[in-house]
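For reference, protein17.cif is printed below; it contains mmCIF, C-alpha atoms (C1' of nucleotides).
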data_data
#
loop_
_atom_site.label_atom_id
_atom_site.label_comp_id
_atom_site.auth_asym_id
_atom_site.auth_seq_id
_atom_site.Cartn_x
_atom_site.Cartn_y
_atom_site.Cartn_z
CA MET A 1 -26.31 -28.26 51.30
CA TYR A 2 -23.56 -30.29 52.87
CA SER A 3 -24.43 -33.27 50.76
CA VAL A 4 -21.26 -32.96 48.68
CA LEU A 5 -19.17 -33.38 51.82
CA LEU A 6 -21.38 -36.02 53.41
CA GLU A 7 -21.32 -38.09 50.26
CA HIS A 8 -17.58 -37.77 50.02
CA ILE A 9 -17.10 -38.88 53.61
CA GLN A 10 -19.42 -41.83 53.09
CA LYS A 11 -17.35 -43.07 50.21
CA PHE A 12 -14.79 -44.04 52.81
CA ILE A 13 -16.57 -44.52 56.13
CA THR A 14 -20.16 -45.04 57.31
CA LEU A 15 -21.81 -42.30 59.35
CA GLU A 16 -24.66 -42.74 61.86
CA PRO A 17 -27.61 -40.35 61.54
CA SER A 18 -26.58 -38.74 64.84
CA GLU A 19 -23.11 -38.11 63.45
CA ILE A 20 -24.58 -36.52 60.36
CA ASP A 21 -26.51 -34.19 62.67
CA ILE A 22 -23.35 -33.22 64.47
CA LEU A 23 -21.63 -32.44 61.19
CA GLU A 24 -24.51 -30.44 59.81
CA SER A 25 -24.81 -28.34 62.91
CA SER A 26 -21.08 -27.61 63.09
CA LEU A 27 -20.47 -26.62 59.49
CA ASP A 28 -21.49 -23.94 57.12
CA ILE A 29 -20.88 -22.94 53.57
CA THR A 30 -19.01 -19.81 52.58
CA LYS A 31 -19.13 -18.23 49.16
CA ILE A 32 -15.79 -17.15 47.76
CA LYS A 33 -15.67 -14.81 44.79
CA LYS A 34 -13.38 -15.41 41.83
CA LYS A 35 -9.84 -14.12 42.54
CA GLN A 36 -10.50 -13.91 46.29
CA HIS A 37 -7.83 -15.45 48.52
CA VAL A 38 -8.43 -17.81 51.43
CA LEU A 39 -4.72 -17.97 52.25
CA GLN A 40 -1.86 -15.56 51.58
CA GLU A 41 1.87 -16.14 51.78
CA GLY A 42 3.17 -15.37 55.27
CA GLN A 43 -0.12 -16.21 57.04
CA VAL A 44 -0.35 -19.25 59.29
CA CYS A 45 -2.93 -21.57 57.78
CA THR A 46 -5.46 -22.65 60.41
CA THR A 47 -8.31 -23.75 58.18
CA MET A 48 -9.11 -26.68 55.95
CA TYR A 49 -11.32 -25.97 52.96
CA PHE A 50 -13.60 -28.49 51.34
CA ILE A 51 -14.71 -27.28 47.93
CA THR A 52 -18.42 -27.87 47.31
CA LYS A 53 -18.56 -25.77 44.17
CA GLY A 54 -16.07 -24.04 41.91
CA CYS A 55 -12.33 -24.19 41.56
CA PHE A 56 -9.31 -23.09 43.57
CA ARG A 57 -5.60 -23.04 43.04
CA GLN A 58 -2.57 -22.98 45.27
CA TYR A 59 0.21 -20.82 43.85
CA ILE A 60 3.41 -19.01 44.64
CA ILE A 61 5.07 -15.91 43.27
CA ASN A 62 8.54 -16.71 41.98
CA ASP A 63 11.70 -14.58 41.85
CA LYS A 64 10.65 -12.95 38.61
CA GLY A 65 7.31 -11.94 40.09
CA THR A 66 5.36 -14.50 38.07
CA GLU A 67 2.62 -16.60 39.60
CA GLN A 68 3.14 -20.35 39.44
CA THR A 69 0.28 -22.69 40.15
CA LEU A 70 1.28 -25.72 42.20
CA GLN A 71 -2.11 -27.33 42.61
CA PHE A 72 -5.69 -27.05 41.49
CA GLY A 73 -8.70 -28.15 43.49
CA ILE A 74 -12.28 -28.65 42.34
CA GLU A 75 -15.52 -30.01 43.76
CA SER A 76 -14.95 -32.62 46.50
CA TRP A 77 -11.32 -31.73 47.05
CA TRP A 78 -9.81 -30.54 50.28
CA ILE A 79 -7.38 -27.69 49.94
CA THR A 80 -5.08 -26.25 52.58
CA ASP A 81 -1.39 -25.86 53.38
CA TYR A 82 -0.78 -28.92 55.54
CA LEU A 83 2.73 -27.90 56.54
CA SER A 84 1.64 -24.53 57.82
CA TYR A 85 -1.45 -26.08 59.39
CA HIS A 86 0.45 -28.72 61.35
CA ASN A 87 3.59 -26.78 62.22
CA HIS A 88 1.95 -23.41 62.78
CA THR A 89 4.52 -21.83 60.50
CA PRO A 90 3.89 -19.04 57.96
CA SER A 91 2.69 -20.42 54.66
CA ASN A 92 4.71 -20.28 51.46
CA PHE A 93 1.58 -20.32 49.36
CA TYR A 94 -1.44 -18.40 48.19
CA ILE A 95 -4.77 -20.17 47.86
CA GLN A 96 -7.23 -18.41 45.60
CA ALA A 97 -10.60 -19.02 43.97
CA VAL A 98 -10.30 -19.41 40.20
CA GLU A 99 -14.10 -19.26 39.78
CA ASN A 100 -16.92 -18.07 41.97
CA SER A 101 -16.94 -20.89 44.45
CA GLU A 102 -18.37 -22.32 47.65
CA VAL A 103 -16.41 -24.01 50.40
CA ILE A 104 -16.93 -25.56 53.79
CA ALA A 105 -14.24 -23.85 55.84
CA ILE A 106 -13.31 -25.71 59.02
CA GLU A 107 -11.15 -23.97 61.57
CA GLN A 108 -8.63 -26.11 63.40
CA PRO A 109 -10.41 -26.00 66.83
CA VAL A 110 -13.73 -26.88 65.23
CA LEU A 111 -12.16 -29.76 63.39
CA GLU A 112 -10.43 -31.06 66.51
CA SER A 113 -13.72 -30.97 68.36
CA LEU A 114 -15.43 -32.84 65.51
CA LEU A 115 -12.67 -35.42 65.54
CA ILE A 116 -13.27 -36.02 69.24
CA GLN A 117 -17.03 -36.36 68.74
CA ILE A 118 -16.67 -38.54 65.64
CA PRO A 119 -13.31 -40.30 65.94
CA LYS A 120 -13.82 -42.33 62.80
CA LEU A 121 -13.40 -39.12 60.82
CA GLU A 122 -9.69 -39.60 61.52
CA ARG A 123 -9.89 -42.60 59.23
CA TYR A 124 -11.61 -40.57 56.56
CA PHE A 125 -8.92 -37.90 56.63
CA LYS A 126 -6.21 -40.53 56.72
CA ILE A 127 -7.48 -42.19 53.57
CA VAL A 128 -8.01 -38.89 51.77
CA SER A 129 -4.55 -37.61 52.57
CA GLN A 130 -2.85 -40.88 51.67
CA LYS A 131 -4.57 -40.87 48.32
CA THR A 132 -3.70 -37.23 47.81
CA PHE A 133 -0.07 -37.98 48.56
CA GLY A 134 -0.18 -40.88 46.12
CA ALA A 135 -1.46 -38.48 43.48
CA ALA A 136 1.39 -36.07 44.27
CA GLN A 137 3.86 -38.90 43.70
CA MET A 138 2.34 -39.58 40.30
CA ARG A 139 2.53 -35.89 39.53
CA ILE A 140 6.24 -35.85 40.29
CA LYS A 141 6.69 -38.93 38.14
CA ILE A 142 5.01 -37.14 35.24
CA LEU A 143 7.09 -34.01 35.73
CA PHE A 144 10.22 -36.16 35.68
CA THR A 145 9.48 -38.35 32.71
CA MET A 146 7.43 -36.40 30.19
CA SER A 147 8.42 -33.50 27.98
CA ALA A 148 6.45 -30.28 28.22
CA GLU A 149 4.38 -31.17 25.19
CA GLU A 150 3.67 -34.67 26.51
CA ARG A 151 2.56 -33.25 29.85
CA TYR A 152 0.15 -30.95 28.07
CA HIS A 153 -1.42 -33.72 26.01
CA HIS A 154 -1.48 -36.14 28.90
CA PHE A 155 -3.24 -33.67 31.15
CA SER A 156 -5.66 -32.50 28.45
CA ASN A 157 -6.64 -36.07 27.65
CA LEU A 158 -7.19 -36.98 31.29
CA ASN A 159 -9.07 -33.77 32.09
CA PRO A 160 -10.74 -32.58 28.89
CA ASP A 161 -13.40 -30.58 30.73
CA PHE A 162 -11.14 -29.08 33.31
CA VAL A 163 -8.76 -27.47 30.81
CA GLN A 164 -11.68 -25.38 29.58
CA ARG A 165 -12.27 -23.99 33.05
CA VAL A 166 -8.96 -22.30 33.76
CA PRO A 167 -6.89 -19.72 31.86
CA GLN A 168 -4.10 -21.26 29.88
CA TYR A 169 -1.37 -19.37 31.66
CA MET A 170 -2.41 -21.05 34.92
CA LEU A 171 -2.43 -24.42 33.27
CA ALA A 172 0.98 -23.74 31.74
CA SER A 173 2.54 -22.93 35.10
CA TYR A 174 0.87 -25.98 36.68
CA LEU A 175 2.49 -28.15 34.03
CA ASP A 176 5.77 -26.29 34.55
CA PHE A 177 6.28 -24.45 31.32
CA SER A 178 5.77 -20.93 30.06
CA ALA A 179 2.46 -19.46 28.95
CA GLU A 180 4.00 -18.79 25.53
CA PHE A 181 4.91 -22.41 25.09
CA ILE A 182 1.33 -23.62 25.39
CA SER A 183 0.49 -21.43 22.39
CA LYS A 184 3.33 -22.95 20.45
CA ILE A 185 2.16 -26.47 21.21
CA ARG A 186 -1.29 -25.62 19.90
CA ALA A 187 0.08 -23.87 16.84
CA GLY A 188 2.17 -26.96 16.17
CA LEU A 189 -0.93 -29.11 16.27
CA GLU A 190 -2.62 -27.18 13.50
CA ARG A 191 0.05 -27.83 10.93
CA LYS A 192 -0.60 -31.49 10.36
CA MET B 193 13.46 -53.36 68.82
CA TYR B 194 10.29 -51.55 67.86
CA SER B 195 11.28 -48.51 69.86
CA VAL B 196 11.89 -46.45 66.73
CA LEU B 197 8.29 -46.98 65.66
CA LEU B 198 6.81 -46.65 69.14
CA GLU B 199 8.63 -43.39 69.70
CA HIS B 200 7.50 -42.09 66.36
CA ILE B 201 3.88 -42.95 67.07
CA GLN B 202 4.09 -41.32 70.49
CA LYS B 203 5.23 -38.07 68.97
CA PHE B 204 1.68 -37.72 67.70
CA ILE B 205 -0.60 -39.77 69.96
CA THR B 206 -0.40 -41.37 73.41
CA LEU B 207 -0.41 -45.16 73.67
CA GLU B 208 -1.56 -47.21 76.67
CA PRO B 209 0.75 -50.00 77.86
CA SER B 210 -1.79 -52.54 76.63
CA GLU B 211 -1.73 -50.98 73.19
CA ILE B 212 2.04 -51.12 73.12
CA ASP B 213 1.74 -54.84 73.88
CA ILE B 214 -0.62 -55.33 70.98
CA LEU B 215 1.75 -53.56 68.64
CA GLU B 216 4.80 -55.43 69.82
CA SER B 217 3.12 -58.79 69.43
CA SER B 218 1.81 -58.01 65.94
CA LEU B 219 4.95 -56.65 64.38
CA ASP B 220 8.35 -57.82 63.49
CA ILE B 221 11.46 -56.51 61.92
CA THR B 222 12.75 -57.66 58.56
CA LYS B 223 16.28 -57.12 57.32
CA ILE B 224 16.55 -55.94 53.75
CA LYS B 225 19.89 -56.12 52.00
CA LYS B 226 21.26 -53.26 49.94
CA LYS B 227 19.77 -53.28 46.40
CA GLN B 228 16.97 -55.64 47.41
CA HIS B 229 13.48 -54.61 46.30
CA VAL B 230 10.38 -54.57 48.48
CA LEU B 231 8.20 -53.48 45.56
CA GLN B 232 8.57 -53.86 41.81
CA GLU B 233 6.74 -52.11 39.00
CA GLY B 234 3.60 -54.02 38.04
CA GLN B 235 3.06 -55.57 41.50
CA VAL B 236 0.12 -54.51 43.60
CA CYS B 237 1.49 -52.94 46.76
CA THR B 238 -0.15 -54.45 49.85
CA THR B 239 2.41 -53.53 52.48
CA MET B 240 3.47 -50.42 54.33
CA TYR B 241 7.10 -50.25 55.37
CA PHE B 242 8.38 -48.35 58.37
CA ILE B 243 12.14 -47.90 58.15
CA THR B 244 13.88 -48.53 61.48
CA LYS B 245 17.37 -48.55 60.04
CA GLY B 246 18.95 -47.74 56.71
CA CYS B 247 17.73 -46.01 53.60
CA PHE B 248 15.30 -46.75 50.78
CA ARG B 249 14.33 -45.11 47.56
CA GLN B 250 11.30 -45.18 45.32
CA TYR B 251 12.23 -45.03 41.65
CA ILE B 252 11.01 -45.60 38.14
CA ILE B 253 12.71 -46.62 34.93
CA ASN B 254 12.12 -44.02 32.24
CA ASP B 255 11.81 -44.39 28.47
CA LYS B 256 15.56 -44.34 28.01
CA GLY B 257 16.03 -47.14 30.50
CA THR B 258 17.50 -44.87 33.17
CA GLU B 259 16.46 -45.12 36.81
CA GLN B 260 14.97 -41.98 38.28
CA THR B 261 14.59 -41.65 42.03
CA LEU B 262 11.34 -40.01 43.06
CA GLN B 263 11.68 -40.28 46.81
CA PHE B 264 14.12 -41.29 49.50
CA GLY B 265 13.19 -42.64 52.92
CA ILE B 266 15.36 -43.00 55.99
CA GLU B 267 14.90 -43.96 59.64
CA SER B 268 11.39 -43.18 60.94
CA TRP B 269 9.86 -42.78 57.50
CA TRP B 270 7.03 -44.79 56.08
CA ILE B 271 7.45 -45.85 52.51
CA THR B 272 4.89 -47.46 50.22
CA ASP B 273 2.94 -46.78 47.05
CA TYR B 274 -0.27 -45.34 48.45
CA LEU B 275 -2.08 -45.30 45.11
CA SER B 276 -1.44 -48.97 44.47
CA TYR B 277 -2.16 -49.78 48.11
CA HIS B 278 -5.55 -48.05 48.17
CA ASN B 279 -6.75 -48.79 44.66
CA HIS B 280 -5.29 -52.29 44.37
CA THR B 281 -3.78 -51.32 41.03
CA PRO B 282 -0.35 -52.37 39.74
CA SER B 283 2.35 -50.06 40.98
CA ASN B 284 4.30 -47.70 38.74
CA PHE B 285 7.28 -47.78 41.07
CA TYR B 286 10.16 -49.76 42.42
CA ILE B 287 11.06 -49.51 46.10
CA GLN B 288 14.57 -50.60 46.91
CA ALA B 289 17.02 -50.57 49.81
CA VAL B 290 19.90 -48.18 49.19
CA GLU B 291 21.79 -49.51 52.24
CA ASN B 292 21.51 -52.65 54.31
CA SER B 293 18.35 -51.79 56.18
CA GLU B 294 15.68 -52.92 58.60
CA VAL B 295 11.98 -52.33 58.25
CA ILE B 296 8.74 -53.12 60.00
CA ALA B 297 6.64 -54.48 57.16
CA ILE B 298 2.90 -54.36 57.82
CA GLU B 299 0.60 -56.21 55.47
CA GLN B 300 -2.74 -54.59 54.75
CA PRO B 301 -4.87 -57.13 56.70
CA VAL B 302 -2.58 -56.90 59.72
CA LEU B 303 -2.75 -53.14 59.63
CA GLU B 304 -6.53 -53.13 59.31
CA SER B 305 -6.77 -55.41 62.31
CA LEU B 306 -4.44 -53.16 64.30
CA LEU B 307 -6.51 -50.14 63.34
CA ILE B 308 -9.60 -51.87 64.71
CA GLN B 309 -7.86 -52.77 67.96
CA ILE B 310 -6.24 -49.34 68.33
CA PRO B 311 -8.46 -46.89 66.47
CA LYS B 312 -6.41 -43.89 67.47
CA LEU B 313 -3.70 -45.14 65.15
CA GLU B 314 -5.91 -43.74 62.41
CA ARG B 315 -5.04 -40.32 63.79
CA TYR B 316 -1.35 -41.12 63.77
CA PHE B 317 -1.45 -42.16 60.12
CA LYS B 318 -3.58 -39.17 59.24
CA ILE B 319 -1.07 -36.74 60.71
CA VAL B 320 1.90 -38.53 59.17
CA SER B 321 0.38 -38.60 55.70
CA GLN B 322 -0.79 -35.00 55.84
CA LYS B 323 2.71 -33.90 56.78
CA THR B 324 4.18 -36.08 54.07
CA PHE B 325 1.85 -34.52 51.54
CA GLY B 326 2.84 -31.07 52.78
CA ALA B 327 6.47 -32.00 52.19
CA ALA B 328 5.62 -33.18 48.68
CA GLN B 329 4.07 -29.79 47.97
CA MET B 330 7.24 -28.05 49.10
CA ARG B 331 9.22 -30.39 46.90
CA ILE B 332 7.15 -29.41 43.87
CA LYS B 333 7.63 -25.75 44.77
CA ILE B 334 11.39 -26.24 44.81
CA LEU B 335 11.35 -28.12 41.49
CA PHE B 336 9.36 -25.26 39.98
CA THR B 337 11.31 -22.30 41.27
CA MET B 338 14.95 -23.27 41.58
CA SER B 339 17.52 -23.97 38.90
CA ALA B 340 19.32 -27.31 38.93
CA GLU B 341 22.32 -25.78 40.67
CA GLU B 342 20.15 -24.06 43.27
CA ARG B 343 18.34 -27.31 43.99
CA TYR B 344 21.63 -29.05 44.58
CA HIS B 345 22.91 -26.44 47.01
CA HIS B 346 19.57 -26.11 48.75
CA PHE B 347 19.31 -29.85 49.30
CA SER B 348 22.97 -30.25 50.33
CA ASN B 349 22.65 -27.46 52.87
CA LEU B 350 19.47 -28.88 54.37
CA ASN B 351 20.75 -32.46 54.42
CA PRO B 352 24.53 -32.34 54.71
CA ASP B 353 24.77 -35.83 56.21
CA PHE B 354 22.30 -37.47 53.90
CA VAL B 355 24.09 -36.49 50.69
CA GLN B 356 27.05 -38.56 51.89
CA ARG B 357 24.90 -41.65 52.19
CA VAL B 358 23.68 -42.07 48.63
CA PRO B 359 25.46 -42.28 45.28
CA GLN B 360 25.46 -39.01 43.42
CA TYR B 361 23.64 -40.36 40.42
CA MET B 362 20.65 -41.18 42.64
CA LEU B 363 20.76 -37.74 44.17
CA ALA B 364 20.97 -36.18 40.71
CA SER B 365 17.86 -37.97 39.49
CA TYR B 366 16.01 -37.10 42.73
CA LEU B 367 16.79 -33.43 42.08
CA ASP B 368 15.81 -33.89 38.43
CA PHE B 369 19.02 -33.40 36.56
CA SER B 370 21.60 -35.65 34.97
CA ALA B 371 24.36 -37.44 36.84
CA GLU B 372 26.89 -35.60 34.69
CA PHE B 373 25.53 -32.25 35.71
CA ILE B 374 26.22 -32.80 39.39
CA SER B 375 29.89 -33.22 38.50
CA LYS B 376 29.82 -29.99 36.58
CA ILE B 377 28.30 -28.12 39.52
CA ARG B 378 31.08 -29.37 41.77
CA ALA B 379 33.77 -28.58 39.20
CA GLY B 380 32.31 -25.10 38.91
CA LEU B 381 32.60 -24.62 42.66
CA GLU B 382 36.34 -25.27 42.63
CA ARG B 383 37.15 -22.40 40.34
CA LYS B 384 36.55 -19.57 42.72
"C1'" DC C 385 43.46 -57.65 42.45
"C1'" DG C 386 39.91 -57.92 38.84
"C1'" DG C 387 35.63 -56.39 37.78
"C1'" DT C 388 31.77 -53.61 38.53
"C1'" DC C 389 30.01 -49.48 40.01
"C1'" DT C 390 30.57 -44.56 40.26
"C1'" DC C 391 32.31 -40.05 39.02
"C1'" DT C 392 34.47 -36.70 35.76
"C1'" DT C 393 35.26 -33.97 31.49
"C1'" DG C 394 34.33 -31.85 27.06
"C1'" DA C 395 31.91 -31.06 22.63
"C1'" DC C 396 27.63 -30.46 20.72
"C1'" DG C 397 22.69 -30.00 20.35
"C1'" DG C 398 18.03 -29.05 21.46
"C1'" DA C 399 13.86 -28.26 24.28
"C1'" DG C 400 11.96 -24.68 26.22
"C1'" DT C 401 12.65 -19.57 28.00
"C1'" DT C 402 12.65 -14.71 27.56
"C1'" DC C 403 11.39 -10.47 25.63
"C1'" DA C 404 8.65 -7.55 23.03
"C1'" DA C 405 4.85 -6.41 20.33
"C1'" DA C 406 0.52 -7.18 18.45
"C1'" DG C 407 -3.97 -9.37 18.32
"C1'" DC C 408 -7.87 -11.18 20.75
"C1'" DT C 409 -11.74 -11.62 24.20
"C1'" DA C 410 -14.75 -10.85 27.79
"C1'" DG C 411 -16.42 -8.30 31.43
"C1'" DT C 412 -17.88 -3.69 33.05
"C1'" DG C 413 -19.82 0.61 33.31
"C1'" DG C 414 -21.95 4.36 30.96
"C1'" DC D 415 -26.03 -2.46 23.97
"C1'" DC D 416 -22.02 -0.48 22.68
"C1'" DA D 417 -17.28 0.97 23.78
"C1'" DC D 418 -13.46 0.56 26.54
"C1'" DT D 419 -10.11 -1.63 28.99
"C1'" DA D 420 -7.75 -5.10 31.38
"C1'" DG D 421 -6.67 -9.59 30.96
"C1'" DC D 422 -5.36 -13.26 28.10
"C1'" DT D 423 -3.21 -15.47 23.99
"C1'" DT D 424 -0.26 -15.59 20.00
"C1'" DT D 425 4.08 -15.07 17.28
"C1'" DG D 426 8.90 -14.86 16.18
"C1'" DA D 427 13.82 -14.20 17.09
"C1'" DA D 428 17.56 -14.72 20.06
"C1'" DC D 429 19.34 -17.10 23.72
"C1'" DT D 430 20.55 -20.51 27.55
"C1'" DC D 431 20.51 -24.07 30.58
"C1'" DC D 432 21.11 -28.49 30.82
"C1'" DG D 433 20.97 -33.17 28.46
"C1'" DT D 434 23.29 -36.54 25.64
"C1'" DC D 435 27.07 -39.12 24.16
"C1'" DA D 436 31.44 -41.00 24.60
"C1'" DA D 437 35.56 -42.08 26.78
"C1'" DG D 438 38.38 -42.40 30.54
"C1'" DA D 439 39.66 -42.31 35.48
"C1'" DG D 440 38.76 -43.64 40.15
"C1'" DA D 441 37.05 -46.33 43.84
"C1'" DC D 442 35.11 -49.89 46.15
"C1'" DC D 443 34.15 -54.76 47.22
"C1'" DG D 444 34.32 -59.52 47.23
#
Starting from the file, give its structure as structure tokens.
Amino acid sequence: MYSVLLEHIQKFITLEPSEIDILESSLDITKIKKKQHVLQEGQVCTTMYFITKGCFRQYIINDKGTEQTLQFGIESWWITDYLSYHNHTPSNFYIQAVENSEVIAIEQPVLESLLIQIPKLERYFKIVSQKTFGAAQMRIKILFTMSAEERYHHFSNLNPDFVQRVPQYMLASYLDFSAEFISKIRAGLERK
Amino acid sequence: MYSVLLEHIQKFITLEPSEIDILESSLDITKIKKKQHVLQEGQVCTTMYFITKGCFRQYIINDKGTEQTLQFGIESWWITDYLSYHNHTPSNFYIQAVENSEVIAIEQPVLESLLIQIPKLERYFKIVSQKTFGAAQMRIKILFTMSAEERYHHFSNLNPDFVQRVPQYMLASYLDFSAEFISKIRAGLERK
DNA sequence: CGGTCTCTTGACGGAGTTCAAAGCTAGTGG
DNA sequence: CCACTAGCTTTGAACTCCGTCAAGAGACCG
């Protein structure tokens, strides 16, 4: 059940059998239906979510009332609002299931207690968040250097399966252009 | 000497006197002259830099040969390329001193040895990188929702002192618009 | 002071947005 | 299993924000 998480952890650190027991007895899996939210704007985020199945997105609603996706998460990703989580401030974001999904939801006190029992998990979370930040840097680089059309092709080439899983308007906002424009890119492709 | 770092660490965890000794004996401060690089594109990044004095920026050179600043770092910030550091891949970035600066440069093997001697440092780095990632998310939100002029005012209001420290063309590229445009914003302001 | 680095200004152009309307598609309930 | 509807995608025309280019004016630093 928890094997997705246990395997992910053991990519980065080695767990003793007793530590695996502790983890298994502290955690459980929650099913989240498509379109259901695990975080809404204005709430303080007190939970970290590890996705064992499905797909989530973090989004905002802009001035014009349009949703803009800032981040996707799929199997083996952690998703949360770290700023709200650490500073106990209201979140700026929504986090929502894009598909019927399953997560391991860990409340802050539970996590802190796990971190005391298994201190080397600190290392695991350190590595994961440093890599995630590195990926965010690359994302910003791409946003800065590529045109809208280039971003679309780049992302589609890197994630050919993923682009099938989400509606195009979500993908468009993630790549920072309009839903209409993605149609125009595709239409443009035909005519060669 | 190391007080900037020690204070920063002790914002998040508590160090024993013996641990402070270990840190002080393992670290030293390097002066970096304005415009000097601590990382160049193509190099594998094996060092983390903690800025004790001055200002750095992470930038790329785009297709047109123009520098684009992706990130600034000032006193009490860590700066490195986490992707290159973790994956041992050539970096996409340059990291350069914007002012005459001082850093604590920690090579990967030194850091790993420190983390073994003082395991709770893992927690410190975890918290720092999670907060840094949270800030990157906010940055992406701002890039997505604000116009160029709004980004300029937003950033200037939040960091009135900082905007004095760096050339405007660096600030412009950090906010993702042209150096010329920042002049036009300011000119526009006059005429009211 | 001489040269390099930085900022300003204006004309023009283009990548991508906005708006509106119509055409699809897939999920849901009857 | 069909029909209906809400959600998603497509298309085109008009528009706009901001980039690009070029040239000149400051400003800083050795």
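Take atom CA of B:Tyr274 and atom CA of B:Gln235: the distance between them is 12.8 Å.
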* Within 9 Å of chain B, which residues of chain C show up when using only C-alpha atoms (C1' of nucleotides), listed as number ranges by chain? -> C: 390-393
* 8 Å contacts from chain B to chain A using all atoms listed in the file, as a ChimeraX atom specification -> /B:252,254-255,260,262,273-275,278,311-312,314-315,317-319,321-329,332-333,336-337,368
* **Atomic distance atom CA of B:Glu341 - atom C1' of C:DG398, expressed in Å with one decimal** => 20.0 Å
* Expand the PyMOL selection byres ((chain D) within 10 of (chain A)) into the individual residues it matches in the shown file, reporting them as number ranges by chain. => D: 422-425
* Would you mind listing what lies within 12 Å of D:DC429 as a list in words, with all atoms listed in the file counted and same-chain residues fewer than 4 positions away left out? =>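 What passes the distance filter is DG400, DT401, DT402 and DC403 of chain C.
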Writer output for current selection, C-alpha atoms (C1' of nucleotides), as a CSV table (one decimal), keeping the file's coordinate frame:
chain,number,residue,atom,x,y,z
C,400,DG,C1',12.0,-24.7,26.2
C,401,DT,C1',12.6,-19.6,28.0
C,402,DT,C1',12.6,-14.7,27.6
C,403,DC,C1',11.4,-10.5,25.6
* Can you tell me, as an MDAnalysis selection string, what residues are no more than 8 Å from B:Asp220 when counting all atoms listed in the file, ignoring any on the same chain fewer than 4 positions away? -> chainID B and resid 194 216 296:297
* Chain and number of each residue from the PyMOL selection byres ((chain C and resi 395) around 12), as a list in words ->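 Evaluating the PyMOL selection byres ((chain C and resi 395) around 12) on this file yields DT393, DG394, DC396 and DG397 of chain C; DT434, DC435 and DA436 of chain D.
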* Would you translate the PyMOL selection byres ((chain C and resi 387) around 12) into the concrete set of residues it matches in this file, as an NGL selection string? => (:C and (385-386 or 388-389)) or (:D and (441-444))
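As for atom C1' of D:DG421 and atom CA of A:Val38, they are spaced 22.1 Å apart.
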* **Proximity to B:Ile212 - best of B:Ser370, B:Gln288, B:Thr244, B:Ser195, all atoms listed in the file** =>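 Of the candidates, the smallest distance to B:Ile212 is held by B:Ser195.
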* Which polymer residues have any atom within 12 Å of an atom of D:DC418, counting all atoms listed in the file, with same-chain residues fewer than 2 positions away left out, as a ChimeraX atom specification? -> /C:410-414 /D:416,420
